file run_4.cif (mmCIF, C-alpha atoms and all ligand atoms)
data_entry
loop_
_atom_site.group_PDB
_atom_site.id
_atom_site.type_symbol
_atom_site.label_atom_id
_atom_site.label_comp_id
_atom_site.auth_asym_id
_atom_site.auth_seq_id
_atom_site.Cartn_x
_atom_site.Cartn_y
_atom_site.Cartn_z
ATOM 1 C CA MET A 1 -50.059 78.469 206.782
ATOM 2 C CA GLU A 2 -49.956 78.482 202.982
ATOM 3 C CA ASP A 3 -50.478 82.251 203.143
ATOM 4 C CA ARG A 4 -47.684 82.718 205.616
ATOM 5 C CA LEU A 5 -45.327 80.669 203.427
ATOM 6 C CA ALA A 6 -46.393 82.504 200.282
ATOM 7 C CA ARG A 7 -45.769 85.877 201.948
ATOM 8 C CA ALA A 8 -42.398 84.747 203.296
ATOM 9 C CA CYS A 9 -41.348 83.539 199.836
ATOM 10 C CA ALA A 10 -42.548 86.735 198.167
ATOM 11 C CA ARG A 11 -40.601 88.872 200.616
ATOM 12 C CA ALA A 12 -37.479 86.771 200.104
ATOM 13 C CA GLY A 13 -37.872 86.724 196.318
ATOM 14 C CA ARG A 14 -38.239 82.942 196.357
ATOM 15 C CA ARG A 15 -40.696 80.707 194.513
ATOM 16 C CA PRO A 16 -43.192 79.007 196.886
ATOM 17 C CA GLU A 17 -42.736 75.715 195.026
ATOM 18 C CA ASP A 18 -39.071 75.713 196.050
ATOM 19 C CA VAL A 19 -39.898 75.525 199.758
ATOM 20 C CA LEU A 20 -41.384 72.276 201.038
ATOM 21 C CA LEU A 21 -43.769 72.443 203.967
ATOM 22 C CA LEU A 22 -42.976 69.471 206.169
ATOM 23 C CA ALA A 23 -45.816 68.957 208.649
ATOM 24 C CA VAL A 24 -44.400 67.920 212.013
ATOM 25 C CA THR A 25 -46.914 65.589 213.660
ATOM 26 C CA LYS A 26 -44.981 64.353 216.699
ATOM 27 C CA VAL A 27 -47.174 63.907 219.791
ATOM 28 C CA PHE A 28 -50.332 64.310 217.654
ATOM 29 C CA PRO A 29 -52.388 61.241 216.763
ATOM 30 C CA ALA A 30 -52.541 59.532 213.378
ATOM 31 C CA GLU A 31 -55.819 61.396 212.772
ATOM 32 C CA SER A 32 -53.869 64.646 212.527
ATOM 33 C CA ILE A 33 -51.836 63.164 209.689
ATOM 34 C CA LEU A 34 -55.022 62.000 207.953
ATOM 35 C CA GLU A 35 -56.576 65.456 208.283
ATOM 36 C CA ALA A 36 -53.492 67.227 206.981
ATOM 37 C CA TYR A 37 -53.309 64.761 204.098
ATOM 38 C CA ALA A 38 -56.938 65.511 203.235
ATOM 39 C CA LEU A 39 -55.985 69.196 203.079
ATOM 40 C CA GLY A 40 -53.267 68.392 200.563
ATOM 41 C CA LEU A 41 -50.111 67.971 202.645
ATOM 42 C CA ARG A 42 -47.890 65.060 201.609
ATOM 43 C CA ASP A 43 -44.751 65.352 203.718
ATOM 44 C CA PHE A 44 -44.857 64.484 207.398
ATOM 45 C CA GLY A 45 -42.125 64.707 210.008
ATOM 46 C CA GLU A 46 -41.907 62.555 213.114
ATOM 47 C CA ASN A 47 -39.313 62.566 215.895
ATOM 48 C CA TYR A 48 -39.581 59.169 217.505
ATOM 49 C CA VAL A 49 -39.408 55.786 215.782
ATOM 50 C CA GLN A 50 -41.530 54.080 218.419
ATOM 51 C CA GLU A 51 -44.229 56.728 218.425
ATOM 52 C CA PHE A 52 -44.570 56.638 214.657
ATOM 53 C CA GLU A 53 -44.623 52.847 214.643
ATOM 54 C CA GLY A 54 -47.958 53.086 216.444
ATOM 55 C CA LYS A 55 -49.440 55.490 213.904
ATOM 56 C CA TYR A 56 -47.964 53.852 210.839
ATOM 57 C CA PRO A 57 -50.675 51.210 210.204
ATOM 58 C CA LEU A 58 -53.239 54.029 209.989
ATOM 59 C CA VAL A 59 -51.292 56.170 207.534
ATOM 60 C CA SER A 60 -49.152 53.767 205.513
ATOM 61 C CA GLY A 61 -51.807 53.494 202.811
ATOM 62 C CA LEU A 62 -51.894 57.223 202.007
ATOM 63 C CA ALA A 63 -50.869 57.425 198.360
ATOM 64 C CA GLY A 64 -47.947 59.740 197.765
ATOM 65 C CA ALA A 65 -47.365 60.515 201.437
ATOM 66 C CA ARG A 66 -43.730 60.746 202.515
ATOM 67 C CA PHE A 67 -42.592 60.205 206.064
ATOM 68 C CA HIS A 68 -39.462 61.973 207.297
ATOM 69 C CA LEU A 69 -37.588 61.171 210.480
ATOM 70 C CA ILE A 70 -36.519 64.499 211.981
ATOM 71 C CA GLY A 71 -35.572 63.391 215.497
ATOM 72 C CA HIS A 72 -32.302 61.830 216.559
ATOM 73 C CA LEU A 73 -31.915 58.222 215.463
ATOM 74 C CA GLN A 74 -30.040 55.707 217.596
ATOM 75 C CA SER A 75 -28.290 53.251 215.342
ATOM 76 C CA ASN A 76 -29.885 50.286 217.127
ATOM 77 C CA LYS A 77 -33.283 51.562 215.898
ATOM 78 C CA SER A 78 -32.199 51.963 212.294
ATOM 79 C CA ARG A 79 -33.757 48.705 211.099
ATOM 80 C CA LYS A 80 -37.229 49.697 212.304
ATOM 81 C CA ALA A 81 -36.717 53.269 211.124
ATOM 82 C CA ALA A 82 -35.797 52.053 207.648
ATOM 83 C CA GLU A 83 -39.155 50.248 207.459
ATOM 84 C CA LEU A 84 -41.154 53.320 208.417
ATOM 85 C CA PHE A 85 -39.376 56.289 206.847
ATOM 86 C CA THR A 86 -38.045 57.219 203.410
ATOM 87 C CA HIS A 87 -36.377 60.509 204.386
ATOM 88 C CA PHE A 88 -33.900 61.051 207.225
ATOM 89 C CA HIS A 89 -32.912 64.545 208.372
ATOM 90 C CA THR A 90 -30.667 63.636 211.284
ATOM 91 C CA VAL A 91 -27.840 61.461 210.019
ATOM 92 C CA ASP A 92 -24.863 62.622 212.051
ATOM 93 C CA SER A 93 -22.321 59.812 212.045
ATOM 94 C CA ALA A 94 -20.750 57.359 209.626
ATOM 95 C CA LYS A 95 -21.824 54.500 211.873
ATOM 96 C CA LEU A 96 -25.464 55.540 211.659
ATOM 97 C CA ALA A 97 -25.212 55.993 207.890
ATOM 98 C CA ARG A 98 -23.825 52.479 207.468
ATOM 99 C CA ARG A 99 -26.485 50.946 209.728
ATOM 100 C CA LEU A 100 -29.227 52.706 207.808
ATOM 101 C CA ASP A 101 -27.764 51.627 204.488
ATOM 102 C CA GLU A 102 -27.640 48.002 205.641
ATOM 103 C CA ALA A 103 -31.219 48.120 206.888
ATOM 104 C CA ALA A 104 -32.678 49.875 203.839
ATOM 105 C CA THR A 105 -34.447 47.888 201.168
ATOM 106 C CA GLY A 106 -34.809 50.808 198.763
ATOM 107 C CA GLU A 107 -33.311 54.263 198.318
ATOM 108 C CA LYS A 108 -33.354 56.586 201.324
ATOM 109 C CA GLN A 109 -32.920 60.315 201.033
ATOM 110 C CA VAL A 110 -30.756 61.630 203.832
ATOM 111 C CA LEU A 111 -29.675 64.966 205.203
ATOM 112 C CA ILE A 112 -26.863 65.511 207.650
ATOM 113 C CA GLU A 113 -27.786 67.209 210.910
ATOM 114 C CA VAL A 114 -25.133 69.811 211.618
ATOM 115 C CA LYS A 115 -24.361 71.106 215.092
ATOM 116 C CA LEU A 116 -23.478 74.766 214.756
ATOM 117 C CA SER A 117 -23.248 75.821 218.381
ATOM 118 C CA SER A 118 -22.248 74.381 221.701
ATOM 119 C CA GLU A 119 -25.648 75.334 223.131
ATOM 120 C CA GLN A 120 -27.426 73.080 220.695
ATOM 121 C CA ALA A 121 -28.636 69.627 221.639
ATOM 122 C CA LYS A 122 -25.830 67.127 221.760
ATOM 123 C CA HIS A 123 -26.651 65.582 218.413
ATOM 124 C CA GLY A 124 -25.421 66.676 215.042
ATOM 125 C CA CYS A 125 -22.198 66.519 213.082
ATOM 126 C CA ASP A 126 -19.466 69.009 213.896
ATOM 127 C CA PRO A 127 -18.801 71.139 210.774
ATOM 128 C CA ALA A 128 -15.157 70.021 210.870
ATOM 129 C CA ASP A 129 -16.279 66.402 210.461
ATOM 130 C CA LEU A 130 -18.572 67.080 207.500
ATOM 131 C CA PRO A 131 -16.126 66.119 204.712
ATOM 132 C CA ALA A 132 -15.586 62.660 206.226
ATOM 133 C CA LEU A 133 -19.301 62.098 206.783
ATOM 134 C CA VAL A 134 -20.176 63.232 203.247
ATOM 135 C CA ASP A 135 -17.667 60.677 201.937
ATOM 136 C CA ALA A 136 -19.009 57.953 204.210
ATOM 137 C CA ILE A 137 -22.566 58.535 202.971
ATOM 138 C CA ALA A 138 -21.387 58.578 199.355
ATOM 139 C CA ALA A 139 -20.007 55.080 199.969
ATOM 140 C CA CYS A 140 -23.471 53.834 201.029
ATOM 141 C CA PRO A 141 -25.214 52.582 197.881
ATOM 142 C CA LYS A 142 -28.793 53.036 199.119
ATOM 143 C CA LEU A 143 -28.357 56.463 200.681
ATOM 144 C CA ARG A 144 -28.726 59.620 198.641
ATOM 145 C CA LEU A 145 -27.403 62.684 200.392
ATOM 146 C CA THR A 146 -29.565 65.672 199.485
ATOM 147 C CA GLY A 147 -28.735 68.345 202.037
ATOM 148 C CA LEU A 148 -28.108 69.617 205.529
ATOM 149 C CA MET A 149 -30.353 70.202 208.515
ATOM 150 C CA THR A 150 -29.906 72.273 211.636
ATOM 151 C CA MET A 151 -31.785 73.377 214.706
ATOM 152 C CA PRO A 152 -30.504 76.636 216.214
ATOM 153 C CA PRO A 153 -30.728 77.144 219.973
ATOM 154 C CA TRP A 154 -34.278 78.122 220.878
ATOM 155 C CA ASP A 155 -34.916 81.840 221.093
ATOM 156 C CA GLU A 156 -38.151 83.772 220.983
ATOM 157 C CA ASP A 157 -36.517 86.250 218.634
ATOM 158 C CA ALA A 158 -36.304 84.588 215.216
ATOM 159 C CA GLU A 159 -33.452 86.880 214.180
ATOM 160 C CA THR A 160 -31.185 85.062 216.611
ATOM 161 C CA ALA A 161 -31.387 82.039 214.320
ATOM 162 C CA ARG A 162 -30.285 83.917 211.189
ATOM 163 C CA PRO A 163 -26.503 83.410 211.509
ATOM 164 C CA TYR A 164 -27.045 79.670 212.004
ATOM 165 C CA PHE A 165 -29.202 79.452 208.906
ATOM 166 C CA ALA A 166 -26.701 81.480 206.883
ATOM 167 C CA ARG A 167 -23.864 79.224 208.038
ATOM 168 C CA LEU A 168 -25.807 76.093 207.061
ATOM 169 C CA ARG A 169 -26.406 77.580 203.609
ATOM 170 C CA GLU A 170 -22.683 78.241 203.162
ATOM 171 C CA LEU A 171 -21.811 74.708 204.225
ATOM 172 C CA ALA A 172 -24.375 73.137 201.883
ATOM 173 C CA ALA A 173 -23.063 75.263 199.008
ATOM 174 C CA ALA A 174 -19.509 74.173 199.758
ATOM 175 C CA PHE A 175 -20.554 70.532 199.335
ATOM 176 C CA GLY A 176 -22.881 71.164 196.393
ATOM 177 C CA LEU A 177 -25.944 70.001 198.343
ATOM 178 C CA PRO A 178 -29.295 71.409 197.190
ATOM 179 C CA HIS A 179 -31.454 71.031 200.310
ATOM 180 C CA LEU A 180 -31.550 73.020 203.528
ATOM 181 C CA SER A 181 -33.882 71.682 206.210
ATOM 182 C CA MET A 182 -34.182 74.697 208.497
ATOM 183 C CA GLY A 183 -36.904 76.849 209.968
ATOM 184 C CA MET A 184 -39.761 75.961 212.305
ATOM 185 C CA SER A 185 -43.002 77.662 213.380
ATOM 186 C CA ASN A 186 -41.199 80.498 215.094
ATOM 187 C CA ASP A 187 -38.516 81.347 212.554
ATOM 188 C CA LEU A 188 -39.545 80.047 209.145
ATOM 189 C CA GLU A 189 -39.566 83.529 207.573
ATOM 190 C CA VAL A 190 -35.933 84.081 208.502
ATOM 191 C CA ALA A 191 -35.052 80.559 207.342
ATOM 192 C CA ILE A 192 -36.686 81.163 203.955
ATOM 193 C CA GLU A 193 -34.786 84.430 203.574
ATOM 194 C CA GLU A 194 -31.606 82.471 204.226
ATOM 195 C CA GLY A 195 -32.402 79.835 201.611
ATOM 196 C CA SER A 196 -34.367 77.111 203.366
ATOM 197 C CA THR A 197 -35.871 74.513 201.026
ATOM 198 C CA ILE A 198 -37.660 72.506 203.752
ATOM 199 C CA VAL A 199 -39.411 74.158 206.693
ATOM 200 C CA ARG A 200 -40.417 71.808 209.517
ATOM 201 C CA VAL A 201 -43.629 73.136 211.004
ATOM 202 C CA GLY A 202 -45.568 71.695 213.923
ATOM 203 C CA THR A 203 -47.148 74.233 216.262
ATOM 204 C CA ALA A 204 -48.239 76.682 213.561
ATOM 205 C CA LEU A 205 -50.200 73.896 211.840
ATOM 206 C CA PHE A 206 -51.503 71.738 214.668
ATOM 207 C CA GLY A 207 -51.424 73.967 217.750
ATOM 208 C CA LYS A 208 -49.480 73.550 220.955
ATOM 209 C CA ARG A 209 -48.208 70.098 221.810
ATOM 210 C CA GLN A 210 -49.134 68.514 225.146
ATOM 211 C CA LYS A 211 -45.642 67.597 226.227
ATOM 212 C CA PRO A 212 -42.815 69.992 225.527
ATOM 213 C CA GLN A 213 -40.265 68.946 222.914
HETATM 214 C C1 LIG B 1 -40.789 69.644 216.959
HETATM 215 C C2 LIG B 1 -39.855 69.909 215.862
HETATM 216 C C3 LIG B 1 -40.169 70.817 214.834
HETATM 217 C C4 LIG B 1 -41.443 71.641 214.806
HETATM 218 O O1 LIG B 1 -41.387 72.645 215.744
HETATM 219 P P1 LIG B 1 -42.563 73.748 215.859
HETATM 220 O O2 LIG B 1 -41.933 74.830 216.644
HETATM 221 O O3 LIG B 1 -43.698 73.096 216.548
HETATM 222 O O4 LIG B 1 -42.915 74.163 214.476
HETATM 223 C C5 LIG B 1 -39.254 70.968 213.807
HETATM 224 N N1 LIG B 1 -38.100 70.280 213.769
HETATM 225 C C6 LIG B 1 -37.765 69.409 214.744
HETATM 226 C C7 LIG B 1 -36.479 68.690 214.645
HETATM 227 C C8 LIG B 1 -38.613 69.216 215.818
HETATM 228 O O5 LIG B 1 -38.260 68.362 216.794
#

call {"tool": "encode", "arguments": {"input": "run_4.cif", "output": "structure tokens", "more": "lines below"}}
Ligand SMILES: *Cc1c(COP(=O)(O)O)cnc(C)c1O
result
Amino acid sequence: MEDRLARACARAGRRPEDVLLLAVTKVFPAESILEAYALGLRDFGENYVQEFEGKYPLVSGLAGARFHLIGHLQSNKSRKAAELFTHFHTVDSAKLARRLDEAATGEKQVLIEVKLSSEQAKHGCDPADLPALVDAIAACPKLRLTGLMTMPPWDEDAETARPYFARLRELAAAFGLPHLSMGMSNDLEVAIEEGSTIVRVGTALFGKRQKPQ
């Protein structure tokens, strides 16, 4: 994986240290997190609050490990989520931002999930609503907005994702946001060419998941 990232960065003329490898451990047991940590990974992405709650006691002591929520968050789960995670990639409404801010005890780094096509899952902020959401997050004292996240419609051909990644980069630039959470196992090369700073990788690190996601 490190090789693949290094090659992708070299081809795109990017520095490898500017692209964070976020290890997506959903569906895999806490042991997978421990193994990846032993290999040097420090950033872990989980999709479900409840699932990670079960693993958390086994991994909460890992020094320097950061846990990112990358799945949709229902605002009624924000209190629990605020206990477990420090980074949130899927803030998509002012209501959720406020709930998270109220629940947080310390600073939380957040990214806005942007919905760039009608085929995408129903979550994510419409680009037209971004200015209002950026303002709403700015008004939350414990939230620090660092970037944007998107998930293009699934396609075997990674090139299909390129226009979505390019659009996310333009939007982030328009708001002066440094981070772009985009690119997964199948399309991380394209995402890195389009400026990704955080690639979220599950399958390419841990193998196929049992249940589809
Ligand atoms: C599952 C998931 C990933 C990882 O996908 P892979 O194709 O296994 O690399 C990345 N981001 C999100 C939001 C996911 O749900």

call {"tool": "resolve_selection", "arguments": {"input": "run_4.cif", "expression": "the PyMOL selection byres (((chain A and resi 198-210) around 9) and not hetatm)", "output": "CSV table (one decimal) with C-alpha atoms, in the coordinates of the input"}}
result
chain,number,residue,atom,x,y,z
A,1,MET,CA,-50.1,78.5,206.8
A,18,ASP,CA,-39.1,75.7,196.0
A,19,VAL,CA,-39.9,75.5,199.8
A,20,LEU,CA,-41.4,72.3,201.0
A,21,LEU,CA,-43.8,72.4,204.0
A,22,LEU,CA,-43.0,69.5,206.2
A,23,ALA,CA,-45.8,69.0,208.6
A,24,VAL,CA,-44.4,67.9,212.0
A,25,THR,CA,-46.9,65.6,213.7
A,26,LYS,CA,-45.0,64.4,216.7
A,27,VAL,CA,-47.2,63.9,219.8
A,28,PHE,CA,-50.3,64.3,217.7
A,32,SER,CA,-53.9,64.6,212.5
A,36,ALA,CA,-53.5,67.2,207.0
A,44,PHE,CA,-44.9,64.5,207.4
A,45,GLY,CA,-42.1,64.7,210.0
A,70,ILE,CA,-36.5,64.5,212.0
A,179,HIS,CA,-31.5,71.0,200.3
A,180,LEU,CA,-31.6,73.0,203.5
A,181,SER,CA,-33.9,71.7,206.2
A,182,MET,CA,-34.2,74.7,208.5
A,183,GLY,CA,-36.9,76.8,210.0
A,184,MET,CA,-39.8,76.0,212.3
A,185,SER,CA,-43.0,77.7,213.4
A,186,ASN,CA,-41.2,80.5,215.1
A,188,LEU,CA,-39.5,80.0,209.1
A,191,ALA,CA,-35.1,80.6,207.3
A,192,ILE,CA,-36.7,81.2,204.0
A,196,SER,CA,-34.4,77.1,203.4
A,197,THR,CA,-35.9,74.5,201.0
A,211,LYS,CA,-45.6,67.6,226.2
A,212,PRO,CA,-42.8,70.0,225.5
A,213,GLN,CA,-40.3,68.9,222.9

call {"tool": "resolve_selection", "arguments": {"input": "run_4.cif", "expression": "the PyMOL selection byres (((chain A and resi 12) around 10) and not hetatm)", "output": "NGL selection string"}}
result
:A and (6-11 or 13-15 or 189-195)

call {"tool": "residues_near_point", "arguments": {"input": "run_4.cif", "point": "(-48.1, 66.6, 199.6)", "cutoff": "12 Å", "atoms": "all atoms listed in the file", "output": "list of chain:residue names"}}
result
A:Glu17, A:Leu20, A:Leu21, A:Leu22, A:Ala23, A:Ile33, A:Leu34, A:Ala36, A:Tyr37, A:Ala38, A:Leu39, A:Gly40, A:Leu41, A:Arg42, A:Asp43, A:Phe44, A:Leu62, A:Ala63, A:Gly64, A:Ala65, A:Arg66, A:Phe67

call {"tool": "atom_distance", "arguments": {"input": "run_4.cif", "atom1": "atom C2 of ligand LIG 1 (chain B)", "atom2": "atom CA of A:Gly71"}}
result
7.8 Å

call {"tool": "atom_distance", "arguments": {"input": "run_4.cif", "atom1": "atom CA of A:Pro141", "atom2": "atom CA of A:Ser60"}}
result
25.2 Å

call {"tool": "build_atoms", "arguments": {"input": "run_4.cif", "residues": "stretch 192-203 of chain A", "atoms": "all heavy atoms", "output": "compact mmCIF listing (two decimals), in the frame of the given file"}}
result
# COMPACT_ATOMS: atom_id res chain seq x y z
N ILE A 192 -36.42 81.05 205.40
CA ILE A 192 -36.69 81.16 203.96
C ILE A 192 -35.84 82.28 203.34
O ILE A 192 -35.28 82.13 202.25
CB ILE A 192 -38.19 81.35 203.70
CG1 ILE A 192 -38.92 80.03 203.98
CG2 ILE A 192 -38.46 81.82 202.27
CD1 ILE A 192 -40.44 80.11 203.97
N GLU A 193 -35.68 83.37 204.07
CA GLU A 193 -34.79 84.43 203.57
C GLU A 193 -33.36 83.93 203.42
O GLU A 193 -32.63 84.37 202.54
CB GLU A 193 -34.80 85.63 204.54
CG GLU A 193 -36.07 86.47 204.42
CD GLU A 193 -36.17 87.54 205.51
OE1 GLU A 193 -35.16 87.84 206.18
OE2 GLU A 193 -37.28 88.07 205.69
N GLU A 194 -32.98 82.99 204.27
CA GLU A 194 -31.61 82.47 204.23
C GLU A 194 -31.48 81.23 203.35
O GLU A 194 -30.44 80.57 203.36
CB GLU A 194 -31.09 82.18 205.65
CG GLU A 194 -30.96 83.43 206.52
CD GLU A 194 -29.98 84.47 205.94
OE1 GLU A 194 -29.04 84.07 205.22
OE2 GLU A 194 -30.18 85.67 206.20
N GLY A 195 -32.54 80.89 202.61
CA GLY A 195 -32.40 79.83 201.61
C GLY A 195 -33.00 78.49 201.94
O GLY A 195 -32.79 77.52 201.21
N SER A 196 -33.77 78.40 203.02
CA SER A 196 -34.37 77.11 203.37
C SER A 196 -35.16 76.51 202.20
O SER A 196 -35.86 77.22 201.48
CB SER A 196 -35.32 77.28 204.56
OG SER A 196 -36.00 76.06 204.81
N THR A 197 -35.03 75.19 202.02
CA THR A 197 -35.87 74.51 201.03
C THR A 197 -36.88 73.57 201.70
O THR A 197 -37.75 73.04 201.04
CB THR A 197 -35.02 73.69 200.03
OG1 THR A 197 -34.36 72.64 200.74
CG2 THR A 197 -33.99 74.57 199.33
N ILE A 198 -36.71 73.34 203.00
CA ILE A 198 -37.66 72.51 203.75
C ILE A 198 -37.89 73.17 205.11
O ILE A 198 -36.95 73.27 205.91
CB ILE A 198 -37.10 71.08 204.00
CG1 ILE A 198 -36.65 70.41 202.69
CG2 ILE A 198 -38.15 70.22 204.71
CD1 ILE A 198 -35.95 69.06 202.90
N VAL A 199 -39.11 73.64 205.36
CA VAL A 199 -39.41 74.16 206.69
C VAL A 199 -40.19 73.08 207.45
O VAL A 199 -41.09 72.45 206.91
CB VAL A 199 -40.19 75.50 206.67
CG1 VAL A 199 -39.28 76.63 206.21
CG2 VAL A 199 -41.42 75.43 205.79
N ARG A 200 -39.81 72.86 208.69
CA ARG A 200 -40.42 71.81 209.52
C ARG A 200 -41.37 72.47 210.50
O ARG A 200 -40.93 73.09 211.47
CB ARG A 200 -39.32 71.03 210.26
CG ARG A 200 -38.19 70.50 209.35
CD ARG A 200 -37.16 69.75 210.19
NE ARG A 200 -36.70 70.52 211.32
CZ ARG A 200 -35.63 71.31 211.34
NH1 ARG A 200 -34.86 71.41 210.28
NH2 ARG A 200 -35.31 71.98 212.42
N VAL A 201 -42.66 72.33 210.25
CA VAL A 201 -43.63 73.14 211.00
C VAL A 201 -44.62 72.25 211.76
O VAL A 201 -45.33 71.44 211.16
CB VAL A 201 -44.40 74.08 210.05
CG1 VAL A 201 -45.38 74.93 210.83
CG2 VAL A 201 -43.42 74.96 209.27
N GLY A 202 -44.63 72.43 213.09
CA GLY A 202 -45.57 71.69 213.92
C GLY A 202 -46.62 72.62 214.50
O GLY A 202 -47.77 72.66 214.04
N THR A 203 -46.22 73.40 215.51
CA THR A 203 -47.15 74.23 216.26
C THR A 203 -48.03 75.12 215.39
O THR A 203 -49.23 75.23 215.64
CB THR A 203 -46.35 75.11 217.25
OG1 THR A 203 -45.41 74.28 217.94
CG2 THR A 203 -47.26 75.79 218.25
